[in-house]
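A short worksheet on the structure shown next.
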Amino acid sequence: MLPVRVSNQEITEEGIRYAIQNEKIKGLYVIPDYQNPTAHIMSLEMRKMIAKAAGEEKLLVIEDGINNLLAENPIPPIAAFAPEQVIYISSLSKTVSPGLRTAFIHVPDRFYERLATALYSMNISISPLLATVSAALIEDGAADEIVAARKKDIRERNAVVDQILKESVLPGEPTAPLRYVRLPEYFTGKSFEICAGQAGVEVYGAERFCVGNGIPEKAVRISVITPPSLEILTEGLNRLKALLK
């Protein structure tokens, strides 16, 4: 796995072209909505640029839309601009219910047979019960109601995050399921992760997400949706705030 050059959290066209020409990459993996770990949402211009470059360079793009349904103002996926170059994947587990381990894949026609053979060889099969439940929730509108309620809860949680960690947390969308927290100079992501763990709070240091030989940022990722209640989230955030000071 190789990193692609970015500028202001956006992949650059120069970075993609450089990786193709010098690193001989054949594919690109992206999370356009609420990228992990920064929660950045890819701009429409960047999505179109990736689609254009993929078409010209015959580059396969794997687009991970796991959090797409949480977006306040959804932007068309890259697959909409380059359907023959993009494999789009999504799931209900992050947006409707963790128990619905049901994935959806849009595959260009030329990849269908190979993907079907690969999945069969790996003995992957879907649960008929989960598929039936998922279809029923979508058809009767219950899935939309669950997503709406989930987004309302996440908005309330993010308001608390912004209030308590306002001096450190990276600005994010109201329905972001995760947030990125900048650290003081005397911390690394790894050292803060250890200190937070000793304080009873689980966070992930930037080192966990670093690809290649780049120097990790002094930052950690926190989950907005994992704590079972707003009260527990608030308590955890206050403990992190004390550590940051």
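Naming works like this for the structure tokens: A, B, ... for the chains as they're shown, residue 1 at the start of each chain, ligands 1 onward in shown order.
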List as CSV every residue of segment 150-244 of chain A that is in contact with segment 15-36 of chain A, defined as an atom at most 9 Å from one of its atoms (using only C-alpha atoms), together with the nearest atom pair and the distance in Å rounded to one decimal, sorted by chain and then rising number.
residue,atom,partner,partner_atom,distance
A:Gly172,CA,A:Tyr34,CA,8.9
A:Glu173,CA,A:Tyr34,CA,8.6
A:Ala176,CA,A:Tyr34,CA,6.3
A:Pro177,CA,A:Tyr34,CA,7.6
A:Leu178,CA,A:Tyr34,CA,7.7
A:Arg179,CA,A:Asn36,CA,8.9
A:Phe209,CA,A:Asn36,CA,8.1
A:Arg221,CA,A:Asn36,CA,8.3
Practice problem: List the neighbours of segment 75-82 of chain A out to 7 Å using only C-alpha atoms; skip same-chain residues closer than 2 positions along the sequence, and give me the result as a PyMOL selection string. | Solution: chain A and resi 44+47-48+51+55+73+84-86+88
Atoms kept (N, CA and C atoms) for selection, written as a short mmCIF file (atom, residue, chain, number, x, y, z; two decimals), in the first residue's frame:
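Result file out.cif:
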data_model
loop_
_atom_site.label_atom_id
_atom_site.label_comp_id
_atom_site.auth_asym_id
_atom_site.auth_seq_id
_atom_site.Cartn_x
_atom_site.Cartn_y
_atom_site.Cartn_z
N LEU A 44 -16.66 17.91 -4.48
CA LEU A 44 -17.19 17.46 -5.77
C LEU A 44 -16.12 17.56 -6.85
N ARG A 47 -13.77 14.62 -6.64
CA ARG A 47 -14.40 13.38 -7.13
C ARG A 47 -14.38 13.33 -8.66
N LYS A 48 -14.69 14.46 -9.27
CA LYS A 48 -14.67 14.51 -10.73
C LYS A 48 -13.25 14.35 -11.26
N ALA A 51 -12.29 10.71 -11.10
CA ALA A 51 -12.99 9.98 -12.15
C ALA A 51 -12.33 10.21 -13.51
N GLY A 55 -10.30 7.34 -15.72
CA GLY A 55 -10.67 7.00 -17.09
C GLY A 55 -9.50 7.11 -18.06
N ASN A 73 -25.49 16.71 3.37
CA ASN A 73 -25.77 17.08 1.98
C ASN A 73 -24.97 16.17 1.06
N GLU A 84 -17.41 2.80 -15.15
CA GLU A 84 -16.65 1.67 -15.66
C GLU A 84 -15.28 1.53 -15.02
N GLN A 85 -14.92 2.49 -14.15
CA GLN A 85 -13.60 2.44 -13.51
C GLN A 85 -13.70 2.28 -11.99
N VAL A 86 -14.92 2.27 -11.47
CA VAL A 86 -15.09 2.31 -10.01
C VAL A 86 -15.88 1.12 -9.49
N TYR A 88 -17.85 0.33 -6.25
CA TYR A 88 -18.43 1.08 -5.12
C TYR A 88 -18.96 0.09 -4.08
#
Practice problem: Tell me, as a list in words, which residues lie within 8 Å of Val147 of chain A, counting only C-alpha atoms; anything in the same chain fewer than 4 positions away does not count. | Solution: Leu69, Leu70, Thr95, Val96, Ala143 and Lys151 of chain A
Quiz prompt | Polymer residues at most 12 Å from Asp162 of chain A, only C-alpha atoms, same-chain spacing of 5 or more positions, as a list in words | solution = Arg155, Glu156, Arg157, Glu167, Ser168, Val169, Leu170, Pro171, Gly172, Glu173, Pro174, Ala176, Arg179, Tyr180, Val181, Val224, Thr234, Leu237, Asn238 and Lys241 of chain A
Quiz item: Looking at only C-alpha atoms, which of A:Tyr112, A:Asn8, A:Ser97, A:Ala53 is the one that sits closest to Asp144 of chain A?
Solution: A:Ser97
Quiz item: Distance atom CA of Val61 of chain A-atom CA of Pro216 of chain A, one decimal place?
Solution: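 Between these atoms lies a distance of 25.1 Å.
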Exercise. Skip Leu244 of chain A itself and residues of its chain fewer than 6 positions away, then list as a VMD selection string all residues within 9 Å of it, counting only C-alpha atoms.
Key: chain A and resid 168 183 to 184 187 192
For the alpha helix (DSSP H) assignment from backbone DSSP, which residues of segment 31-203 of chain A qualify? Please present them as a PDB file with C-alpha atoms, in the first residue's frame.
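Written output follows (part-v8.pdb):
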ATOM      1  CA  LEU A  44     -17.191  17.461  -5.767  1.00  0.00           C
ATOM      2  CA  GLU A  45     -14.269  18.820  -7.810  1.00  0.00           C
ATOM      3  CA  MET A  46     -11.937  16.196  -6.384  1.00  0.00           C
ATOM      4  CA  ARG A  47     -14.398  13.380  -7.131  1.00  0.00           C
ATOM      5  CA  LYS A  48     -14.674  14.513 -10.731  1.00  0.00           C
ATOM      6  CA  MET A  49     -10.880  14.820 -10.991  1.00  0.00           C
ATOM      7  CA  ILE A  50     -10.357  11.266  -9.727  1.00  0.00           C
ATOM      8  CA  ALA A  51     -12.992   9.983 -12.152  1.00  0.00           C
ATOM      9  CA  LYS A  52     -11.325  11.794 -15.066  1.00  0.00           C
ATOM     10  CA  ALA A  53      -7.835  10.573 -14.148  1.00  0.00           C
ATOM     11  CA  ALA A  54      -9.108   7.013 -13.645  1.00  0.00           C
ATOM     12  CA  GLY A  55     -10.672   6.997 -17.093  1.00  0.00           C
ATOM     13  CA  GLU A  56      -7.591   8.398 -18.815  1.00  0.00           C
ATOM     14  CA  GLU A  57      -5.115   6.176 -16.971  1.00  0.00           C
ATOM     15  CA  ASP A 109     -19.523  -5.297 -16.017  1.00  0.00           C
ATOM     16  CA  ARG A 110     -15.950  -6.219 -16.939  1.00  0.00           C
ATOM     17  CA  PHE A 111     -15.132  -7.110 -13.320  1.00  0.00           C
ATOM     18  CA  TYR A 112     -18.330  -8.965 -12.437  1.00  0.00           C
ATOM     19  CA  GLU A 113     -17.290 -12.522 -13.290  1.00  0.00           C
ATOM     20  CA  ARG A 114     -13.878 -12.229 -11.618  1.00  0.00           C
ATOM     21  CA  LEU A 115     -15.359 -10.748  -8.454  1.00  0.00           C
ATOM     22  CA  ALA A 116     -18.095 -13.381  -8.294  1.00  0.00           C
ATOM     23  CA  THR A 117     -15.484 -16.132  -8.694  1.00  0.00           C
ATOM     24  CA  ALA A 118     -13.247 -14.598  -6.013  1.00  0.00           C
ATOM     25  CA  LEU A 119     -16.108 -14.324  -3.516  1.00  0.00           C
ATOM     26  CA  TYR A 120     -17.163 -17.897  -4.232  1.00  0.00           C
ATOM     27  CA  SER A 121     -13.582 -19.114  -3.740  1.00  0.00           C
ATOM     28  CA  PRO A 128     -30.702 -14.995   4.052  1.00  0.00           C
ATOM     29  CA  LEU A 129     -32.197 -13.634   7.277  1.00  0.00           C
ATOM     30  CA  LEU A 130     -30.052 -10.491   7.266  1.00  0.00           C
ATOM     31  CA  ALA A 131     -30.731  -9.933   3.576  1.00  0.00           C
ATOM     32  CA  THR A 132     -34.483 -10.261   4.154  1.00  0.00           C
ATOM     33  CA  VAL A 133     -34.453  -7.918   7.149  1.00  0.00           C
ATOM     34  CA  SER A 134     -32.337  -5.367   5.285  1.00  0.00           C
ATOM     35  CA  ALA A 135     -34.619  -5.429   2.252  1.00  0.00           C
ATOM     36  CA  ALA A 136     -37.734  -5.060   4.426  1.00  0.00           C
ATOM     37  CA  LEU A 137     -36.277  -2.087   6.317  1.00  0.00           C
ATOM     38  CA  ILE A 138     -35.447  -0.350   3.053  1.00  0.00           C
ATOM     39  CA  GLU A 139     -38.750  -1.113   1.320  1.00  0.00           C
ATOM     40  CA  ALA A 142     -37.918   2.100   8.351  1.00  0.00           C
ATOM     41  CA  ALA A 143     -34.259   2.325   7.333  1.00  0.00           C
ATOM     42  CA  ASP A 144     -34.702   6.014   6.468  1.00  0.00           C
ATOM     43  CA  GLU A 145     -36.298   6.664   9.857  1.00  0.00           C
ATOM     44  CA  ILE A 146     -33.455   4.891  11.656  1.00  0.00           C
ATOM     45  CA  VAL A 147     -30.838   6.878   9.733  1.00  0.00           C
ATOM     46  CA  ALA A 148     -32.651  10.151  10.506  1.00  0.00           C
ATOM     47  CA  ALA A 149     -32.758   9.315  14.236  1.00  0.00           C
ATOM     48  CA  ARG A 150     -29.109   8.260  14.170  1.00  0.00           C
ATOM     49  CA  LYS A 151     -28.083  11.536  12.521  1.00  0.00           C
ATOM     50  CA  LYS A 152     -30.006  13.507  15.163  1.00  0.00           C
ATOM     51  CA  ASP A 153     -28.136  11.667  17.915  1.00  0.00           C
ATOM     52  CA  ILE A 154     -24.767  12.236  16.213  1.00  0.00           C
ATOM     53  CA  ARG A 155     -25.487  15.963  15.871  1.00  0.00           C
ATOM     54  CA  GLU A 156     -26.078  16.188  19.618  1.00  0.00           C
ATOM     55  CA  ARG A 157     -22.879  14.275  20.314  1.00  0.00           C
ATOM     56  CA  ASN A 158     -20.791  16.431  17.978  1.00  0.00           C
ATOM     57  CA  ALA A 159     -22.115  19.562  19.641  1.00  0.00           C
ATOM     58  CA  VAL A 160     -20.685  18.237  22.914  1.00  0.00           C
ATOM     59  CA  VAL A 161     -17.379  17.345  21.219  1.00  0.00           C
ATOM     60  CA  ASP A 162     -17.091  20.870  19.802  1.00  0.00           C
ATOM     61  CA  GLN A 163     -17.885  22.419  23.176  1.00  0.00           C
ATOM     62  CA  ILE A 164     -15.440  20.377  25.268  1.00  0.00           C
ATOM     63  CA  GLY A 189      -0.407  10.069  18.745  1.00  0.00           C
ATOM     64  CA  LYS A 190       0.957   6.861  20.233  1.00  0.00           C
ATOM     65  CA  SER A 191       1.960   8.396  23.582  1.00  0.00           C
ATOM     66  CA  PHE A 192      -1.405  10.150  23.939  1.00  0.00           C
ATOM     67  CA  GLU A 193      -3.182   6.915  23.067  1.00  0.00           C
ATOM     68  CA  ILE A 194      -1.370   5.229  25.966  1.00  0.00           C
ATOM     69  CA  CYS A 195      -2.150   8.074  28.391  1.00  0.00           C
ATOM     70  CA  ALA A 196      -5.792   8.126  27.340  1.00  0.00           C
ATOM     71  CA  GLY A 197      -6.009   4.368  27.846  1.00  0.00           C
ATOM     72  CA  GLN A 198      -4.666   4.749  31.373  1.00  0.00           C
TER      73      GLN A 198
END
Practice problem: Give me the residues within 10 Å of Val211 of chain A as a ChimeraX atom specification, counting only C-alpha atoms and dropping any in the same chain fewer than 6 places off. | Solution: /A:1-4
Atoms to include: C-alpha atoms. Write the selected residues as a PDB file, in the first residue's frame.
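Output (out35.pdb):
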ATOM      1  CA  MET A   1       0.000   0.000   0.000  1.00  0.00           C
ATOM      2  CA  LEU A   2       1.362   3.413  -1.016  1.00  0.00           C
ATOM      3  CA  PRO A   3       0.256   6.929  -0.063  1.00  0.00           C
ATOM      4  CA  VAL A   4      -0.803   9.524  -2.632  1.00  0.00           C
TER       5      VAL A   4
END
Quiz item: Could you pull out the strand (DSSP E or B) residues of segment 4-198 of chain A from DSSP and send them as a list in words?
Solution: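 Checking each residue of segment 4-198 of chain A, the strand (DSSP E or B) ones are Val6, Ser7, Glu10, Ile11, Gly27, Leu28, Tyr29, Val30, Leu60, Val61, Ile62, Glu63, Asp64, Val86, Ile87, Tyr88, Ile89, Ser90, Ser91, Ala103, Phe104, Ile105, His106, Val169, Leu178, Arg179, Tyr180, Val181 and Arg182 of chain A.
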Given the selection you just returned, output its residues as a file containing C-alpha atoms, formatted as a compact mmCIF listing (two decimals), in the first residue's frame.
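The resulting selection.txt:
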# COMPACT_ATOMS: atom_id res chain seq x y z
CA VAL A 6 -2.44 15.41 -0.68
CA SER A 7 -2.90 19.15 -0.23
CA GLU A 10 -7.49 16.57 -0.77
CA ILE A 11 -5.73 14.15 -3.11
CA GLY A 27 -5.74 0.93 -8.22
CA LEU A 28 -6.81 3.65 -5.80
CA TYR A 29 -8.74 3.16 -2.54
CA VAL A 30 -10.69 6.14 -1.21
CA LEU A 60 -9.32 0.99 -10.91
CA VAL A 61 -10.92 2.94 -8.06
CA ILE A 62 -12.34 1.22 -5.00
CA GLU A 63 -14.77 3.69 -3.45
CA ASP A 64 -15.72 2.96 0.15
CA VAL A 86 -15.09 2.31 -10.01
CA ILE A 87 -16.08 -0.49 -7.67
CA TYR A 88 -18.43 1.08 -5.12
CA ILE A 89 -18.98 -0.64 -1.78
CA SER A 90 -21.29 0.20 1.10
CA SER A 91 -23.04 -1.38 4.05
CA ALA A 103 -22.83 -5.13 2.12
CA PHE A 104 -23.68 -3.72 -1.29
CA ILE A 105 -21.30 -3.62 -4.24
CA HIS A 106 -21.60 -1.87 -7.59
CA VAL A 169 -10.63 19.15 17.60
CA LEU A 178 -15.53 10.29 14.14
CA ARG A 179 -13.35 13.33 14.82
CA TYR A 180 -9.66 14.22 14.60
CA VAL A 181 -7.96 15.83 17.58
CA ARG A 182 -4.69 17.77 17.27
